[in-house]
file model25.txt (compact mmCIF, C-alpha atoms)
# COMPACT_ATOMS: atom_id res chain seq x y z
CA MET A 1 28.93 33.52 12.91
CA LEU A 2 31.04 35.34 10.34
CA LYS A 3 32.47 33.40 7.44
CA ASN A 4 36.27 33.43 7.26
CA SER A 5 36.30 36.05 4.51
CA GLU A 6 34.08 38.30 6.60
CA LYS A 7 36.14 37.64 9.74
CA PHE A 8 39.36 38.67 7.98
CA MET A 9 37.67 41.69 6.39
CA GLN A 10 36.43 42.72 9.83
CA ASN A 11 40.05 42.64 10.97
CA ALA A 12 40.96 44.95 8.07
CA ILE A 13 38.10 47.27 9.09
CA ASP A 14 39.32 47.28 12.70
CA ILE A 15 42.89 48.16 11.67
CA ALA A 16 41.57 50.92 9.39
CA LYS A 17 39.72 52.39 12.39
CA ILE A 18 42.99 52.44 14.34
CA GLY A 19 44.53 54.30 11.42
CA ILE A 20 41.71 56.84 11.43
CA GLN A 21 42.27 57.39 15.18
CA ASN A 22 45.92 58.08 14.32
CA ASN A 23 45.04 60.72 11.70
CA GLN A 24 45.50 58.42 8.73
CA THR A 25 43.08 57.82 5.86
CA PRO A 26 40.34 55.15 6.14
CA PHE A 27 42.00 52.12 4.55
CA GLY A 28 43.07 48.80 6.04
CA ALA A 29 44.49 45.53 4.73
CA VAL A 30 45.12 42.06 6.10
CA ILE A 31 47.26 39.32 4.55
CA VAL A 32 46.34 35.72 5.37
CA LYS A 33 48.15 32.45 4.63
CA ASP A 34 46.82 29.01 5.48
CA GLY A 35 43.93 30.57 7.41
CA GLU A 36 46.25 32.58 9.68
CA ILE A 37 46.79 36.33 9.68
CA ILE A 38 50.36 37.10 8.63
CA THR A 39 50.01 40.87 9.00
CA SER A 40 47.50 43.68 9.14
CA SER A 41 48.14 47.31 8.35
CA HIS A 42 46.37 50.60 7.86
CA ASN A 43 47.25 53.40 5.49
CA GLN A 44 50.40 55.21 6.71
CA VAL A 45 50.82 57.92 4.07
CA TRP A 46 50.74 60.82 6.53
CA SER A 47 52.77 59.22 9.34
CA THR A 48 55.58 58.26 6.95
CA THR A 49 55.22 61.12 4.42
CA ASP A 50 55.34 58.34 1.82
CA ILE A 51 52.57 58.52 -0.78
CA THR A 52 53.11 54.80 -1.54
CA ALA A 53 52.40 53.75 2.07
CA HIS A 54 48.88 52.55 1.27
CA ALA A 55 47.49 49.84 3.54
CA GLU A 56 48.01 47.11 0.93
CA VAL A 57 51.61 48.09 0.12
CA THR A 58 52.48 48.42 3.81
CA ALA A 59 50.94 45.01 4.53
CA ILE A 60 52.87 43.47 1.62
CA ARG A 61 56.13 44.95 2.90
CA GLU A 62 55.47 43.56 6.39
CA ALA A 63 54.42 40.12 5.08
CA CYS A 64 57.52 39.85 2.89
CA LYS A 65 59.73 40.62 5.89
CA LYS A 66 57.85 38.22 8.15
CA LEU A 67 57.96 35.38 5.59
CA ASN A 68 61.47 36.34 4.42
CA SER A 69 60.35 36.24 0.80
CA VAL A 70 59.11 38.51 -1.96
CA ASP A 71 56.91 35.64 -3.17
CA LEU A 72 53.62 35.66 -1.28
CA SER A 73 52.09 32.76 -3.21
CA GLY A 74 49.42 31.06 -1.14
CA CYS A 75 48.45 34.34 0.52
CA VAL A 76 45.16 36.21 0.31
CA ILE A 77 44.78 39.95 0.88
CA TYR A 78 41.69 41.55 2.40
CA SER A 79 41.38 45.25 1.66
CA THR A 80 38.69 47.59 2.94
CA CYS A 81 38.63 49.27 -0.47
CA GLU A 82 39.27 48.11 -4.01
CA PRO A 83 43.04 48.39 -4.44
CA CYS A 84 44.27 51.29 -6.55
CA PRO A 85 46.36 50.46 -9.63
CA MET A 86 49.61 50.81 -7.63
CA CYS A 87 48.38 48.42 -4.94
CA PHE A 88 46.90 46.00 -7.48
CA SER A 89 50.27 45.89 -9.24
CA ALA A 90 52.12 45.26 -5.96
CA ILE A 91 49.66 42.47 -5.12
CA HIS A 92 50.22 40.95 -8.57
CA TRP A 93 54.02 41.20 -8.33
CA ALA A 94 53.98 39.65 -4.85
CA LYS A 95 52.10 36.70 -6.39
CA ILE A 96 49.27 36.92 -3.86
CA ASP A 97 46.55 34.48 -4.94
CA LYS A 98 43.37 36.41 -4.24
CA ILE A 99 42.03 39.86 -3.37
CA PHE A 100 38.92 40.33 -1.25
CA TYR A 101 37.77 43.95 -1.07
CA GLY A 102 34.87 45.86 0.44
CA ALA A 103 34.29 49.41 -0.81
CA THR A 104 34.85 50.27 -4.46
CA ILE A 105 37.06 52.80 -6.21
CA GLU A 106 33.86 54.76 -6.87
CA ASP A 107 33.13 54.83 -3.12
CA ALA A 108 36.62 56.24 -2.41
CA LYS A 109 36.24 58.83 -5.13
CA LYS A 110 32.88 59.95 -3.68
CA ALA A 111 34.65 60.41 -0.32
CA GLY A 112 37.07 62.80 -2.03
CA PHE A 113 40.05 60.61 -2.83
CA ASN A 114 41.97 61.24 -6.04
CA GLU A 115 41.38 57.76 -7.42
CA LEU A 116 42.32 56.57 -10.87
CA GLU A 117 39.19 55.06 -12.32
CA ILE A 118 40.81 51.78 -13.32
CA SER A 119 39.04 48.84 -11.71
CA ASN A 120 40.77 45.70 -10.51
CA LYS A 121 38.77 43.81 -13.14
CA THR A 122 40.26 46.01 -15.87
CA MET A 123 43.78 45.76 -14.38
CA LYS A 124 43.46 41.98 -14.29
CA LYS A 125 42.28 41.83 -17.90
CA LEU A 126 44.84 44.27 -19.32
CA GLY A 127 47.70 42.73 -17.36
CA LYS A 128 46.60 39.14 -17.96
CA SER A 129 46.90 38.59 -14.22
CA LYS A 130 45.84 35.30 -12.66
CA LEU A 131 44.70 37.04 -9.47
CA LYS A 132 41.27 36.02 -8.23
CA ILE A 133 39.07 38.91 -7.12
CA LYS A 134 36.12 38.83 -4.73
CA LYS A 135 34.44 42.21 -4.44
CA ARG A 136 32.04 43.90 -2.04
CA VAL A 137 32.82 41.80 1.06
CA LEU A 138 31.23 43.70 3.97
CA GLN A 139 30.88 46.64 1.58
CA LYS A 140 28.47 48.56 3.83
CA GLU A 141 30.85 48.30 6.80
CA CYS A 142 33.83 49.26 4.64
CA LYS A 143 32.00 52.28 3.18
CA GLU A 144 31.19 53.37 6.74
CA LEU A 145 34.93 53.93 7.27
CA PHE A 146 34.68 56.92 4.91
CA ASN A 147 31.94 58.41 7.12
CA ILE A 148 33.95 57.85 10.32
CA TRP A 149 37.00 59.45 8.71
CA GLY A 150 34.92 62.25 7.16
CA ALA A 151 33.54 63.25 10.56
CA GLN A 152 37.04 64.00 11.86
CA GLU A 153 37.90 67.70 12.04
CA ASN A 154 41.60 67.09 11.39
CA LYS A 155 41.23 64.73 8.44
CA LYS A 156 43.73 65.06 5.60
CA ILE A 157 43.30 63.81 2.07
CA TYR A 158 45.84 63.19 -0.65
call {"tool": "encode", "arguments": {"input": "model25.txt", "output": "structure tokens"}}
result
Amino acid sequence: MLKNSEKFMQNAIDIAKIGIQNNQTPFGAVIVKDGEIITSSHNQVWSTTDITAHAEVTAIREACKKLNSVDLSGCVIYSTCEPCPMCFSAIHWAKIDKIFYGATIEDAKKAGFNELEISNKTMKKLGKSKLKIKKRVLQKECKELFNIWGAQENKKIY
């Protein structure tokens, strides 16, 4: 039986796979409040031609609309990869309580993504953020998303 954190991360993995099938990059995110999924989203950069449409940002946008608030206090985000600095900042500004992530920034970089090498730990420290961070949840399964995506002939990277 999967623990709740693993169950929600598996949901993020599943939504990332849907994104891959739709010619998006291999990232997924789920936002949970009170043990219930509020929203799940995959990366939508290519479908929207919006470089900011990362899975985490898209999920935050959807959760804010659904909850009719820009304050997502009490929520937890599950991301298949360590959030980039833009996504970390959005998570911080939305007042999400905790980040669970699987693959690391280093894993994304090895897959060819143009990642800024600023870890969530460093962002938290420099920004004096109160966000709680739990890393490497289902890391192996999250890293496998890069292989699934990488095997696609029509993959696009940004």
call {"tool": "atom_distance", "arguments": {"input": "model25.txt", "atom1": "CA of Val32 in chain A", "atom2": "CA of Gly19 in chain A"}}
result
19.6 Å
call {"tool": "residues_around", "arguments": {"input": "model25.txt", "residues": "Lys132 in chain A", "least_positions_apart": "6", "cutoff": "7 Å", "atoms": "only C-alpha atoms", "output": "list in words"}}
result
Asp97, Lys98 and Ile99 of chain A
call {"tool": "write_last_selection", "arguments": {"input": "model25.txt", "atoms": "C-alpha atoms", "output": "tab-separated table (two decimals), in the frame of the given file"}}
result
chain	number	residue	atom	x	y	z
A	97	ASP	CA	46.55	34.48	-4.94
A	98	LYS	CA	43.37	36.41	-4.24
A	99	ILE	CA	42.03	39.86	-3.37
call {"tool": "closest_residue", "arguments": {"input": "model25.txt", "among": "A:Ser119, A:Ser79, A:Asn114, A:Ser129", "to": "Glu6 in chain A", "atoms": "all atoms listed in the file"}}
result
A:Ser79
call {"tool": "closest_residue", "arguments": {"input": "model25.txt", "among": "A:Ser73, A:Gln44, A:Ser5, A:Asn68", "to": "Pro26 in chain A", "atoms": "all atoms listed in the file"}}
result
A:Gln44
call {"tool": "residues_around", "arguments": {"input": "model25.txt", "residues": "Ser47 in chain A", "least_positions_apart": "5", "cutoff": "12 Å", "atoms": "all atoms listed in the file", "output": "short mmCIF file (atom, residue, chain, number, x, y, z; two decimals) with C-alpha atoms, in the coordinates of the input"}}
result
data_model
loop_
_atom_site.label_atom_id
_atom_site.label_comp_id
_atom_site.auth_asym_id
_atom_site.auth_seq_id
_atom_site.Cartn_x
_atom_site.Cartn_y
_atom_site.Cartn_z
CA GLY A 19 44.53 54.30 11.42
CA ILE A 20 41.71 56.84 11.43
CA ASN A 22 45.92 58.08 14.32
CA ASN A 23 45.04 60.72 11.70
CA GLN A 24 45.50 58.42 8.73
CA THR A 25 43.08 57.82 5.86
CA HIS A 42 46.37 50.60 7.86
CA THR A 52 53.11 54.80 -1.54
CA ALA A 53 52.40 53.75 2.07
CA HIS A 54 48.88 52.55 1.27
CA LYS A 156 43.73 65.06 5.60
#
call {"tool": "closest_residue", "arguments": {"input": "model25.txt", "among": "A:Ser89, A:Thr49, A:Thr80, A:Asn11", "to": "Gly127 in chain A", "atoms": "all atoms listed in the file"}}
result
A:Ser89
call {"tool": "closest_residue", "arguments": {"input": "model25.txt", "among": "A:Trp93, A:Tyr101, A:Phe146, A:Phe8", "to": "Cys81 in chain A", "atoms": "all atoms listed in the file"}}
result
A:Tyr101
call {"tool": "closest_residue", "arguments": {"input": "model25.txt", "among": "A:Ile157, A:Ala59, A:Cys87, A:Cys64", "to": "Ile118 in chain A", "atoms": "all atoms listed in the file"}}
result
A:Cys87
call {"tool": "closest_residue", "arguments": {"input": "model25.txt", "among": "A:Lys3, A:Lys143, A:Lys135, A:Lys66", "to": "Lys109 in chain A", "atoms": "all atoms listed in the file"}}
result
A:Lys143
call {"tool": "atom_distance", "arguments": {"input": "model25.txt", "atom1": "CA of Pro85 in chain A", "atom2": "CA of Glu56 in chain A"}}
result
11.2 Å
call {"tool": "atom_distance", "arguments": {"input": "model25.txt", "atom1": "CA of His92 in chain A", "atom2": "CA of Glu106 in chain A"}}
result
21.5 Å
call {"tool": "residues_near_point", "arguments": {"input": "model25.txt", "point": "(46.6, 35.4, -3.1)", "cutoff": "12 Å", "atoms": "only C-alpha atoms", "output": "ChimeraX atom specification"}}
result
/A:30-35,60,71-78,88,90-100,129-134
call {"tool": "residues_around", "arguments": {"input": "model25.txt", "residues": "Gln21 in chain A", "least_positions_apart": "3", "cutoff": "12 Å", "atoms": "only C-alpha atoms", "output": "list in words"}}
result
Asp14, Ile15, Ala16, Lys17, Ile18, Gln24, Thr25, Pro26, Phe27, His42, Asn43, Gln44, Leu145, Ile148, Trp149, Gly150, Ala151, Gln152, Glu153, Asn154 and Lys155 of chain A
call {"tool": "residues_near_point", "arguments": {"input": "model25.txt", "point": "(30.3, 48.3, 8.7)", "cutoff": "10 Å", "atoms": "only C-alpha atoms", "output": "PyMOL selection string"}}
result
chain A and resi 10+13-14+102+138-145
call {"tool": "build_atoms", "arguments": {"input": "model25.txt", "residues": "range 59-90 of chain A", "atoms": "N, CA and C atoms", "output": "CSV table (one decimal), keeping the file's coordinate frame"}}
result
chain,number,residue,atom,x,y,z
A,59,ALA,N,51.2,46.4,4.1
A,59,ALA,CA,50.9,45.0,4.5
A,59,ALA,C,51.8,44.1,3.7
A,60,ILE,N,52.0,44.3,2.4
A,60,ILE,CA,52.9,43.5,1.6
A,60,ILE,C,54.3,43.6,2.1
A,61,ARG,N,54.8,44.8,2.4
A,61,ARG,CA,56.1,45.0,2.9
A,61,ARG,C,56.3,44.2,4.2
A,62,GLU,N,55.4,44.3,5.1
A,62,GLU,CA,55.5,43.6,6.4
A,62,GLU,C,55.4,42.0,6.2
A,63,ALA,N,54.5,41.6,5.3
A,63,ALA,CA,54.4,40.1,5.1
A,63,ALA,C,55.7,39.6,4.5
A,64,CYS,N,56.3,40.3,3.5
A,64,CYS,CA,57.5,39.8,2.9
A,64,CYS,C,58.6,39.7,3.9
A,65,LYS,N,58.7,40.7,4.8
A,65,LYS,CA,59.7,40.6,5.9
A,65,LYS,C,59.5,39.4,6.8
A,66,LYS,N,58.2,39.3,7.2
A,66,LYS,CA,57.8,38.2,8.2
A,66,LYS,C,58.1,36.8,7.6
A,67,LEU,N,57.8,36.7,6.3
A,67,LEU,CA,58.0,35.4,5.6
A,67,LEU,C,59.3,35.2,4.9
A,68,ASN,N,60.1,36.3,5.0
A,68,ASN,CA,61.5,36.3,4.4
A,68,ASN,C,61.5,36.0,2.9
A,69,SER,N,60.5,36.5,2.2
A,69,SER,CA,60.4,36.2,0.8
A,69,SER,C,59.6,37.4,0.1
A,70,VAL,N,59.9,37.6,-1.2
A,70,VAL,CA,59.1,38.5,-2.0
A,70,VAL,C,58.0,37.8,-2.7
A,71,ASP,N,57.9,36.5,-2.6
A,71,ASP,CA,56.9,35.6,-3.2
A,71,ASP,C,55.9,35.3,-2.1
A,72,LEU,N,54.7,35.9,-2.2
A,72,LEU,CA,53.6,35.7,-1.3
A,72,LEU,C,52.6,34.7,-1.8
A,73,SER,N,53.0,33.8,-2.7
A,73,SER,CA,52.1,32.8,-3.2
A,73,SER,C,51.4,32.0,-2.0
A,74,GLY,N,50.2,31.7,-2.2
A,74,GLY,CA,49.4,31.1,-1.1
A,74,GLY,C,48.8,32.0,-0.2
A,75,CYS,N,49.0,33.3,-0.4
A,75,CYS,CA,48.4,34.3,0.5
A,75,CYS,C,47.2,34.9,-0.1
A,76,VAL,N,46.4,35.5,0.7
A,76,VAL,CA,45.2,36.2,0.3
A,76,VAL,C,45.2,37.6,1.0
A,77,ILE,N,44.8,38.6,0.3
A,77,ILE,CA,44.8,40.0,0.9
A,77,ILE,C,43.3,40.4,1.0
A,78,TYR,N,43.0,41.0,2.1
A,78,TYR,CA,41.7,41.6,2.4
A,78,TYR,C,41.9,43.0,2.5
A,79,SER,N,41.2,43.8,1.7
A,79,SER,CA,41.4,45.2,1.7
A,79,SER,C,40.0,45.9,1.8
A,80,THR,N,40.0,46.9,2.7
A,80,THR,CA,38.7,47.6,2.9
A,80,THR,C,38.2,48.3,1.7
A,81,CYS,N,39.0,48.6,0.8
A,81,CYS,CA,38.6,49.3,-0.5
A,81,CYS,C,39.3,48.6,-1.7
A,82,GLU,N,38.7,48.7,-2.8
A,82,GLU,CA,39.3,48.1,-4.0
A,82,GLU,C,40.7,48.7,-4.2
A,83,PRO,N,41.7,47.9,-4.3
A,83,PRO,CA,43.0,48.4,-4.4
A,83,PRO,C,43.2,49.3,-5.7
A,84,CYS,N,43.9,50.4,-5.4
A,84,CYS,CA,44.3,51.3,-6.6
A,84,CYS,C,45.2,50.6,-7.5
A,85,PRO,N,45.5,51.1,-8.7
A,85,PRO,CA,46.4,50.5,-9.6
A,85,PRO,C,47.8,50.2,-9.1
A,86,MET,N,48.3,51.1,-8.2
A,86,MET,CA,49.6,50.8,-7.6
A,86,MET,C,49.5,49.6,-6.7
A,87,CYS,N,48.5,49.5,-5.9
A,87,CYS,CA,48.4,48.4,-4.9
A,87,CYS,C,48.1,47.1,-5.7
A,88,PHE,N,47.2,47.2,-6.7
A,88,PHE,CA,46.9,46.0,-7.5
A,88,PHE,C,48.2,45.5,-8.1
A,89,SER,N,49.0,46.3,-8.6
A,89,SER,CA,50.3,45.9,-9.2
A,89,SER,C,51.2,45.2,-8.2
A,90,ALA,N,51.3,45.8,-7.0
A,90,ALA,CA,52.1,45.3,-6.0
A,90,ALA,C,51.6,43.9,-5.6
